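I have placed the structure first, in the form of structure tokens, so that the comments after it can refer back to it.
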Number of protein chains: 2
Amino acid sequence: MTTSAAAPTRRDQILKEAARLFAERGFHGVGVDEIGAAVGISGPGLYRHFAGKDAMLAELLVGISGRLYAGGRKHVEAAAGDPAALLDRLIDGHIEFALDDRDLIILHDRELDRLRDSDRKLVRQLQRQYVELWVDAVRQLHPQALEPQVRTAVHAVFGLLNSTPHLSRRATLPGRAAMAALLRRLAHGALAAVTPY
Amino acid sequence: MTTSAAAPTRRDQILKEAARLFAERGFHGVGVDEIGAAVGISGPGLYRHFAGKDAMLAELLVGISGRLYAGGRKHVEAAAGDPAALLDRLIDGHIEFALDDRDLIILHDRELDRLRDSDRKLVRQLQRQYVELWVDAVRQLHPQALEPQVRTAVHAVFGLLNSTPHLSRRATLPGRAAMAALLRRLAHGALAAVTPY
DNA sequence: ACGAGACGTTAACGACCACTAACAAAGATC
DNA sequence: GATCTTTGTTAGTGGTCGTTAACGTCTCGT
């Protein structure tokens with residue numbers, strides 16, 4: 001056994017399966033009995049671990065938003081004022097998330113409105129702060145670009161990087177390394193075009 | 001029974017409002033009573049115009065997929081063998097769809113799995129054919145690029161162009177013309193980077 | 001040993017919801 | 001002017017689903 005994350009606790013199992021099912025069939029399209037069956041217990045047994053179905057979704061979305069933002073802040077520190085290096089790191093970090101946590105990437109922008117007001121506000125705030133990290137980095141590299149355009153471009157690049165879940169599983173896809181390299185090139189190519197020339 | 005074209009018929013009203021509501025709160029998150037109320041009639045009154053809730057979603061998704069593919073084919077003819085011109089047209093056409101039919105763009109990749117098998121197969125086929133138009137165009141411009149990479153890149157550009165629905169409505173956004181111009185630049189920038197150099 | 005708490009189970013309740021039944025009014029058709 | 005079609009209404013039905021209640025069992029700490 002290596003570092004952290006000893007045995008996956010039952011809570012973690014539930015969260016993982018819930019994420020998969022929510023991403024597959026939508027929050028309203030999945031019943032608690034299904035989630036329970038996916039971890040080998042029966043529907044109401046879930047309530048020993050979560051206050052309700054909403055609580056599972058909330059924990060998933062707050063979790064992914066928080067980790068994304070935390071990762072972004074780490075990159076800001078590590079890049080230490082070099083905007084080009086910072087952008088490289090942000091892109092690579094986001095690609096890692098997109099390739100590793102496909103289910104959460106889907107839920108992240110699809111089921112946000114199913115949250116209680118307070119949770120939704122928190123997730124939105126984390127998202128906004130994460131976007132702000134990107135916008136600042138891009139604006140340093142493109143000082144003459146207008147702020148609304150930069151913001152739009154950043155959202156567009158998120159759409160680009162988050163596109164991997166939409167790929168059909170049957171098709172022959174590039175391997176993980178090739179996929180990461182391709183997405184990196186595409187993202188850089190797109191962002192290089194925020195300013196007309 | 002023929003095609004209806006002139007004045008917005010009640011069917012069209014229903015489809016438009018259903019699209020808006022489905023995009024806002026998800027297929028399972030909207031009740032038939034809500035859809036009815038949005039067009040001024042009450043829930044069960046909808047069944048004079050559609051066989052059921054599923055039928056509305058099916059018609060929306062088949063419709064958008066068909067129009068996208070038909071538009072793509074039109075561009076192939078109009079470009080007449082010039083791959084650069086073809087790609088320009090495909091990008092511009094897709095941007096028009098993304099800006100005009102935000103709701104349908106959302107539904108298009110979000111609620112596909114709620115369809116009956118036969119409808120889902122049809123939509124998937126139309127989507128696949130549309131993608132193929134793009135892949136062919138890009139491969140002509142980048143003959144040395146591997147096919148899986150091109151396919152992935154095309155999907156990624158779709159994600160980029162379809163990102164406009166995710167923009168918060170409160171923020172100051174570029175106007176429609178500026179938005180279209182920006183998306184066009186970003187898409188071209190990304191696709192120019194499918195080949196390493 | 002022996003409670004105590006953690007972790008499950010099945011049964012039932014209450015709300016919601018897509019859909020159907022039965023009925024009514026306005027216009028077109030003959 | 002009688003009737004059929006179109007388009008709507010309200011009331012009800014069957015099923016699904018999230019959640020709670022009541023009840024077992026297994027594992028420990030003391």
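By order in the structure tokens, chains are A, B, ...; within a chain, residues start at 1; ligands start at 1, following the order shown.
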
Exercise for review: Output as an MDAnalysis selection string all residues of stretch 123-173 of chain B that backbone DSSP marks as helix (DSSP H, G or I).
Suggested key: chainID B and resid 123:141 147:161 164:166

Compute the set of chain A residues within 10 Å of chain B, using only C-alpha atoms, and express it as a PDB file with N, CA and C atoms, in the first residue's frame.
```pdb
ATOM      1  N   ALA A  23     -24.697  10.489 -14.545  1.00  0.00           N
ATOM      2  CA  ALA A  23     -24.151  10.932 -15.833  1.00  0.00           C
ATOM      3  C   ALA A  23     -24.808  10.163 -16.978  1.00  0.00           C
ATOM      4  N   GLU A  24     -25.111   8.893 -16.738  1.00  0.00           N
ATOM      5  CA  GLU A  24     -25.683   8.070 -17.800  1.00  0.00           C
ATOM      6  C   GLU A  24     -27.130   8.427 -18.100  1.00  0.00           C
ATOM      7  N   ARG A  25     -27.919   8.566 -17.032  1.00  0.00           N
ATOM      8  CA  ARG A  25     -29.351   8.685 -17.261  1.00  0.00           C
ATOM      9  C   ARG A  25     -29.981   9.924 -16.659  1.00  0.00           C
ATOM     10  N   GLY A  26     -29.164  10.813 -16.117  1.00  0.00           N
ATOM     11  CA  GLY A  26     -29.710  12.027 -15.554  1.00  0.00           C
ATOM     12  C   GLY A  26     -30.149  11.826 -14.108  1.00  0.00           C
ATOM     13  N   PHE A  27     -30.107  12.899 -13.348  1.00  0.00           N
ATOM     14  CA  PHE A  27     -30.429  12.828 -11.926  1.00  0.00           C
ATOM     15  C   PHE A  27     -31.833  12.282 -11.699  1.00  0.00           C
ATOM     16  N   HIS A  28     -32.806  12.830 -12.405  1.00  0.00           N
ATOM     17  CA  HIS A  28     -34.187  12.383 -12.229  1.00  0.00           C
ATOM     18  C   HIS A  28     -34.416  11.000 -12.830  1.00  0.00           C
ATOM     19  N   GLY A  29     -33.538  10.556 -13.688  1.00  0.00           N
ATOM     20  CA  GLY A  29     -33.719   9.286 -14.366  1.00  0.00           C
ATOM     21  C   GLY A  29     -33.203   8.095 -13.587  1.00  0.00           C
ATOM     22  N   ILE A 106     -19.477  15.715 -16.801  1.00  0.00           N
ATOM     23  CA  ILE A 106     -20.825  15.792 -17.355  1.00  0.00           C
ATOM     24  C   ILE A 106     -21.789  16.418 -16.349  1.00  0.00           C
ATOM     25  N   ASP A 109     -21.959  20.469 -15.485  1.00  0.00           N
ATOM     26  CA  ASP A 109     -22.679  21.521 -16.189  1.00  0.00           C
ATOM     27  C   ASP A 109     -24.067  21.068 -16.617  1.00  0.00           C
ATOM     28  N   ARG A 110     -24.489  19.901 -16.144  1.00  0.00           N
ATOM     29  CA  ARG A 110     -25.757  19.366 -16.619  1.00  0.00           C
ATOM     30  C   ARG A 110     -26.806  19.349 -15.524  1.00  0.00           C
ATOM     31  N   GLU A 111     -26.409  19.094 -14.299  1.00  0.00           N
ATOM     32  CA  GLU A 111     -27.375  18.883 -13.226  1.00  0.00           C
ATOM     33  C   GLU A 111     -27.259  19.941 -12.141  1.00  0.00           C
ATOM     34  N   LEU A 112     -26.598  21.020 -12.470  1.00  0.00           N
ATOM     35  CA  LEU A 112     -26.380  22.059 -11.459  1.00  0.00           C
ATOM     36  C   LEU A 112     -27.687  22.609 -10.909  1.00  0.00           C
ATOM     37  N   ASP A 113     -28.705  22.687 -11.754  1.00  0.00           N
ATOM     38  CA  ASP A 113     -29.949  23.314 -11.327  1.00  0.00           C
ATOM     39  C   ASP A 113     -30.780  22.433 -10.404  1.00  0.00           C
ATOM     40  N   ARG A 114     -30.386  21.178 -10.223  1.00  0.00           N
ATOM     41  CA  ARG A 114     -31.131  20.306  -9.314  1.00  0.00           C
ATOM     42  C   ARG A 114     -30.700  20.487  -7.880  1.00  0.00           C
ATOM     43  N   LEU A 146     -10.548  42.174 -25.602  1.00  0.00           N
ATOM     44  CA  LEU A 146     -11.600  42.682 -24.721  1.00  0.00           C
ATOM     45  C   LEU A 146     -12.001  41.611 -23.719  1.00  0.00           C
ATOM     46  N   GLU A 147     -12.405  42.069 -22.550  1.00  0.00           N
ATOM     47  CA  GLU A 147     -12.682  41.126 -21.463  1.00  0.00           C
ATOM     48  C   GLU A 147     -13.843  40.185 -21.780  1.00  0.00           C
ATOM     49  N   PRO A 148     -14.958  40.662 -22.331  1.00  0.00           N
ATOM     50  CA  PRO A 148     -16.039  39.707 -22.652  1.00  0.00           C
ATOM     51  C   PRO A 148     -15.601  38.644 -23.646  1.00  0.00           C
ATOM     52  N   GLN A 149     -14.778  39.012 -24.586  1.00  0.00           N
ATOM     53  CA  GLN A 149     -14.313  38.036 -25.569  1.00  0.00           C
ATOM     54  C   GLN A 149     -13.428  36.982 -24.896  1.00  0.00           C
ATOM     55  N   VAL A 150     -12.575  37.439 -24.002  1.00  0.00           N
ATOM     56  CA  VAL A 150     -11.702  36.487 -23.308  1.00  0.00           C
ATOM     57  C   VAL A 150     -12.542  35.519 -22.480  1.00  0.00           C
ATOM     58  N   ARG A 151     -13.525  36.077 -21.782  1.00  0.00           N
ATOM     59  CA  ARG A 151     -14.376  35.216 -20.958  1.00  0.00           C
ATOM     60  C   ARG A 151     -15.092  34.187 -21.827  1.00  0.00           C
ATOM     61  N   THR A 152     -15.629  34.636 -22.931  1.00  0.00           N
ATOM     62  CA  THR A 152     -16.307  33.713 -23.839  1.00  0.00           C
ATOM     63  C   THR A 152     -15.341  32.660 -24.372  1.00  0.00           C
ATOM     64  N   ALA A 153     -14.157  33.099 -24.711  1.00  0.00           N
ATOM     65  CA  ALA A 153     -13.177  32.154 -25.253  1.00  0.00           C
ATOM     66  C   ALA A 153     -12.806  31.100 -24.213  1.00  0.00           C
ATOM     67  N   VAL A 154     -12.694  31.520 -22.969  1.00  0.00           N
ATOM     68  CA  VAL A 154     -12.359  30.558 -21.912  1.00  0.00           C
ATOM     69  C   VAL A 154     -13.480  29.518 -21.782  1.00  0.00           C
ATOM     70  N   HIS A 155     -14.720  29.985 -21.776  1.00  0.00           N
ATOM     71  CA  HIS A 155     -15.829  29.033 -21.722  1.00  0.00           C
ATOM     72  C   HIS A 155     -15.794  28.094 -22.926  1.00  0.00           C
ATOM     73  N   ALA A 156     -15.481  28.641 -24.075  1.00  0.00           N
ATOM     74  CA  ALA A 156     -15.439  27.814 -25.278  1.00  0.00           C
ATOM     75  C   ALA A 156     -14.357  26.746 -25.158  1.00  0.00           C
ATOM     76  N   VAL A 157     -13.219  27.111 -24.599  1.00  0.00           N
ATOM     77  CA  VAL A 157     -12.152  26.119 -24.438  1.00  0.00           C
ATOM     78  C   VAL A 157     -12.559  25.056 -23.427  1.00  0.00           C
ATOM     79  N   PHE A 158     -13.307  25.453 -22.397  1.00  0.00           N
ATOM     80  CA  PHE A 158     -13.847  24.428 -21.489  1.00  0.00           C
ATOM     81  C   PHE A 158     -14.708  23.452 -22.280  1.00  0.00           C
ATOM     82  N   GLY A 159     -15.561  23.984 -23.131  1.00  0.00           N
ATOM     83  CA  GLY A 159     -16.395  23.117 -23.947  1.00  0.00           C
ATOM     84  C   GLY A 159     -15.562  22.181 -24.802  1.00  0.00           C
ATOM     85  N   LEU A 160     -14.488  22.708 -25.327  1.00  0.00           N
ATOM     86  CA  LEU A 160     -13.587  21.893 -26.145  1.00  0.00           C
ATOM     87  C   LEU A 160     -12.959  20.773 -25.316  1.00  0.00           C
ATOM     88  N   LEU A 161     -12.409  21.135 -24.167  1.00  0.00           N
ATOM     89  CA  LEU A 161     -11.714  20.137 -23.350  1.00  0.00           C
ATOM     90  C   LEU A 161     -12.689  19.132 -22.740  1.00  0.00           C
ATOM     91  N   ASN A 162     -13.896  19.581 -22.456  1.00  0.00           N
ATOM     92  CA  ASN A 162     -14.887  18.694 -21.838  1.00  0.00           C
ATOM     93  C   ASN A 162     -15.631  17.853 -22.870  1.00  0.00           C
ATOM     94  N   SER A 163     -15.191  17.862 -24.096  1.00  0.00           N
ATOM     95  CA  SER A 163     -15.932  17.172 -25.151  1.00  0.00           C
ATOM     96  C   SER A 163     -15.682  15.667 -25.152  1.00  0.00           C
ATOM     97  N   THR A 164     -14.667  15.217 -24.456  1.00  0.00           N
ATOM     98  CA  THR A 164     -14.339  13.787 -24.517  1.00  0.00           C
ATOM     99  C   THR A 164     -15.475  12.869 -24.079  1.00  0.00           C
ATOM    100  N   PRO A 165     -16.289  13.261 -23.082  1.00  0.00           N
ATOM    101  CA  PRO A 165     -17.371  12.350 -22.721  1.00  0.00           C
ATOM    102  C   PRO A 165     -18.346  12.084 -23.859  1.00  0.00           C
ATOM    103  N   HIS A 166     -18.427  12.990 -24.822  1.00  0.00           N
ATOM    104  CA  HIS A 166     -19.412  12.835 -25.890  1.00  0.00           C
ATOM    105  C   HIS A 166     -18.939  11.880 -26.976  1.00  0.00           C
ATOM    106  N   LEU A 167     -17.740  11.389 -26.868  1.00  0.00           N
ATOM    107  CA  LEU A 167     -17.243  10.495 -27.907  1.00  0.00           C
ATOM    108  C   LEU A 167     -17.835   9.110 -27.719  1.00  0.00           C
ATOM    109  N   ALA A 171     -16.050   3.759 -31.100  1.00  0.00           N
ATOM    110  CA  ALA A 171     -15.090   4.203 -32.107  1.00  0.00           C
ATOM    111  C   ALA A 171     -13.658   3.995 -31.635  1.00  0.00           C
ATOM    112  N   THR A 172     -12.758   3.903 -32.564  1.00  0.00           N
ATOM    113  CA  THR A 172     -11.345   3.795 -32.230  1.00  0.00           C
ATOM    114  C   THR A 172     -10.853   5.189 -31.849  1.00  0.00           C
ATOM    115  N   LEU A 173     -10.447   5.330 -30.610  1.00  0.00           N
ATOM    116  CA  LEU A 173     -10.021   6.640 -30.122  1.00  0.00           C
ATOM    117  C   LEU A 173      -8.507   6.651 -29.933  1.00  0.00           C
ATOM    118  N   PRO A 174      -7.949   7.847 -29.922  1.00  0.00           N
ATOM    119  CA  PRO A 174      -6.528   7.929 -29.574  1.00  0.00           C
ATOM    120  C   PRO A 174      -6.332   7.445 -28.141  1.00  0.00           C
ATOM    121  N   GLY A 175      -5.180   6.905 -27.836  1.00  0.00           N
ATOM    122  CA  GLY A 175      -4.871   6.520 -26.471  1.00  0.00           C
ATOM    123  C   GLY A 175      -4.839   7.731 -25.568  1.00  0.00           C
ATOM    124  N   ALA A 178      -2.040  10.291 -26.338  1.00  0.00           N
ATOM    125  CA  ALA A 178      -2.282  10.997 -27.596  1.00  0.00           C
ATOM    126  C   ALA A 178      -3.471  11.939 -27.459  1.00  0.00           C
ATOM    127  N   MET A 179      -4.485  11.486 -26.747  1.00  0.00           N
ATOM    128  CA  MET A 179      -5.650  12.340 -26.534  1.00  0.00           C
ATOM    129  C   MET A 179      -5.258  13.609 -25.784  1.00  0.00           C
ATOM    130  N   ALA A 181      -2.339  15.003 -25.614  1.00  0.00           N
ATOM    131  CA  ALA A 181      -1.506  15.862 -26.461  1.00  0.00           C
ATOM    132  C   ALA A 181      -2.349  16.604 -27.479  1.00  0.00           C
ATOM    133  N   LEU A 182      -3.324  15.889 -28.055  1.00  0.00           N
ATOM    134  CA  LEU A 182      -4.189  16.529 -29.052  1.00  0.00           C
ATOM    135  C   LEU A 182      -5.003  17.660 -28.435  1.00  0.00           C
ATOM    136  N   LEU A 183      -5.632  17.370 -27.301  1.00  0.00           N
ATOM    137  CA  LEU A 183      -6.447  18.400 -26.660  1.00  0.00           C
ATOM    138  C   LEU A 183      -5.603  19.616 -26.294  1.00  0.00           C
ATOM    139  N   ARG A 184      -4.388  19.359 -25.857  1.00  0.00           N
ATOM    140  CA  ARG A 184      -3.491  20.463 -25.509  1.00  0.00           C
ATOM    141  C   ARG A 184      -3.242  21.340 -26.730  1.00  0.00           C
ATOM    142  N   ARG A 185      -2.935  20.705 -27.856  1.00  0.00           N
ATOM    143  CA  ARG A 185      -2.692  21.487 -29.078  1.00  0.00           C
ATOM    144  C   ARG A 185      -3.932  22.275 -29.485  1.00  0.00           C
ATOM    145  N   LEU A 186      -5.100  21.609 -29.449  1.00  0.00           N
ATOM    146  CA  LEU A 186      -6.329  22.283 -29.856  1.00  0.00           C
ATOM    147  C   LEU A 186      -6.619  23.488 -28.962  1.00  0.00           C
ATOM    148  N   ALA A 187      -6.459  23.299 -27.672  1.00  0.00           N
ATOM    149  CA  ALA A 187      -6.746  24.396 -26.738  1.00  0.00           C
ATOM    150  C   ALA A 187      -5.807  25.568 -26.989  1.00  0.00           C
ATOM    151  N   HIS A 188      -4.535  25.266 -27.141  1.00  0.00           N
ATOM    152  CA  HIS A 188      -3.585  26.343 -27.418  1.00  0.00           C
ATOM    153  C   HIS A 188      -3.902  27.023 -28.746  1.00  0.00           C
ATOM    154  N   GLY A 189      -4.255  26.215 -29.731  1.00  0.00           N
ATOM    155  CA  GLY A 189      -4.596  26.797 -31.028  1.00  0.00           C
ATOM    156  C   GLY A 189      -5.785  27.728 -30.942  1.00  0.00           C
ATOM    157  N   ALA A 190      -6.795  27.310 -30.194  1.00  0.00           N
ATOM    158  CA  ALA A 190      -7.986  28.153 -30.056  1.00  0.00           C
ATOM    159  C   ALA A 190      -7.647  29.442 -29.311  1.00  0.00           C
ATOM    160  N   LEU A 191      -6.958  29.304 -28.194  1.00  0.00           N
ATOM    161  CA  LEU A 191      -6.689  30.499 -27.382  1.00  0.00           C
ATOM    162  C   LEU A 191      -5.749  31.465 -28.090  1.00  0.00           C
ATOM    163  N   ALA A 192      -4.883  30.934 -28.935  1.00  0.00           N
ATOM    164  CA  ALA A 192      -3.988  31.826 -29.687  1.00  0.00           C
ATOM    165  C   ALA A 192      -4.777  32.707 -30.642  1.00  0.00           C
ATOM    166  N   ALA A 193      -6.041  32.333 -30.898  1.00  0.00           N
ATOM    167  CA  ALA A 193      -6.847  33.071 -31.877  1.00  0.00           C
ATOM    168  C   ALA A 193      -7.835  34.023 -31.220  1.00  0.00           C
ATOM    169  N   VAL A 194      -7.712  34.274 -29.930  1.00  0.00           N
ATOM    170  CA  VAL A 194      -8.631  35.222 -29.302  1.00  0.00           C
ATOM    171  C   VAL A 194      -8.453  36.615 -29.887  1.00  0.00           C
ATOM    172  N   THR A 195      -7.211  36.954 -30.183  1.00  0.00           N
ATOM    173  CA  THR A 195      -6.964  38.241 -30.839  1.00  0.00           C
ATOM    174  C   THR A 195      -6.880  38.003 -32.334  1.00  0.00           C
ATOM    175  N   PRO A 196      -7.523  38.887 -33.121  1.00  0.00           N
ATOM    176  CA  PRO A 196      -7.655  38.663 -34.558  1.00  0.00           C
ATOM    177  C   PRO A 196      -6.354  38.251 -35.245  1.00  0.00           C
ATOM    178  N   TYR A 197      -5.207  38.810 -34.865  1.00  0.00           N
ATOM    179  CA  TYR A 197      -3.962  38.353 -35.485  1.00  0.00           C
ATOM    180  C   TYR A 197      -2.764  38.743 -34.672  1.00  0.00           C
TER     181      TYR A 197
END
```

Exercise for review: At a cut-off of 10 Å, list the chain B residues touching chain D, using only C-alpha atoms (C1' of nucleotides), as an MDAnalysis selection string.
Suggested key: chainID B and resid 41:42 44:46 48:49

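With atom CA of A:Val135 on one side and atom CA of A:Val123 on the other, the separation reads 18.3 Å.
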
Each residue of chain C lying at most 9 Å from chain B should get a row with its shortest atom-to-atom pair and the distance in Å to one decimal, counting only C-alpha atoms (C1' of nucleotides); could you produce that, ordered by chain and increasing number, as a tab-separated table?
```
residue	atom	partner	partner_atom	distance
C:DC17	C1'	B:Gly31	CA	7.1
C:DA18	C1'	B:Val32	CA	7.6
C:DC19	C1'	B:Pro44	CA	7.9
```
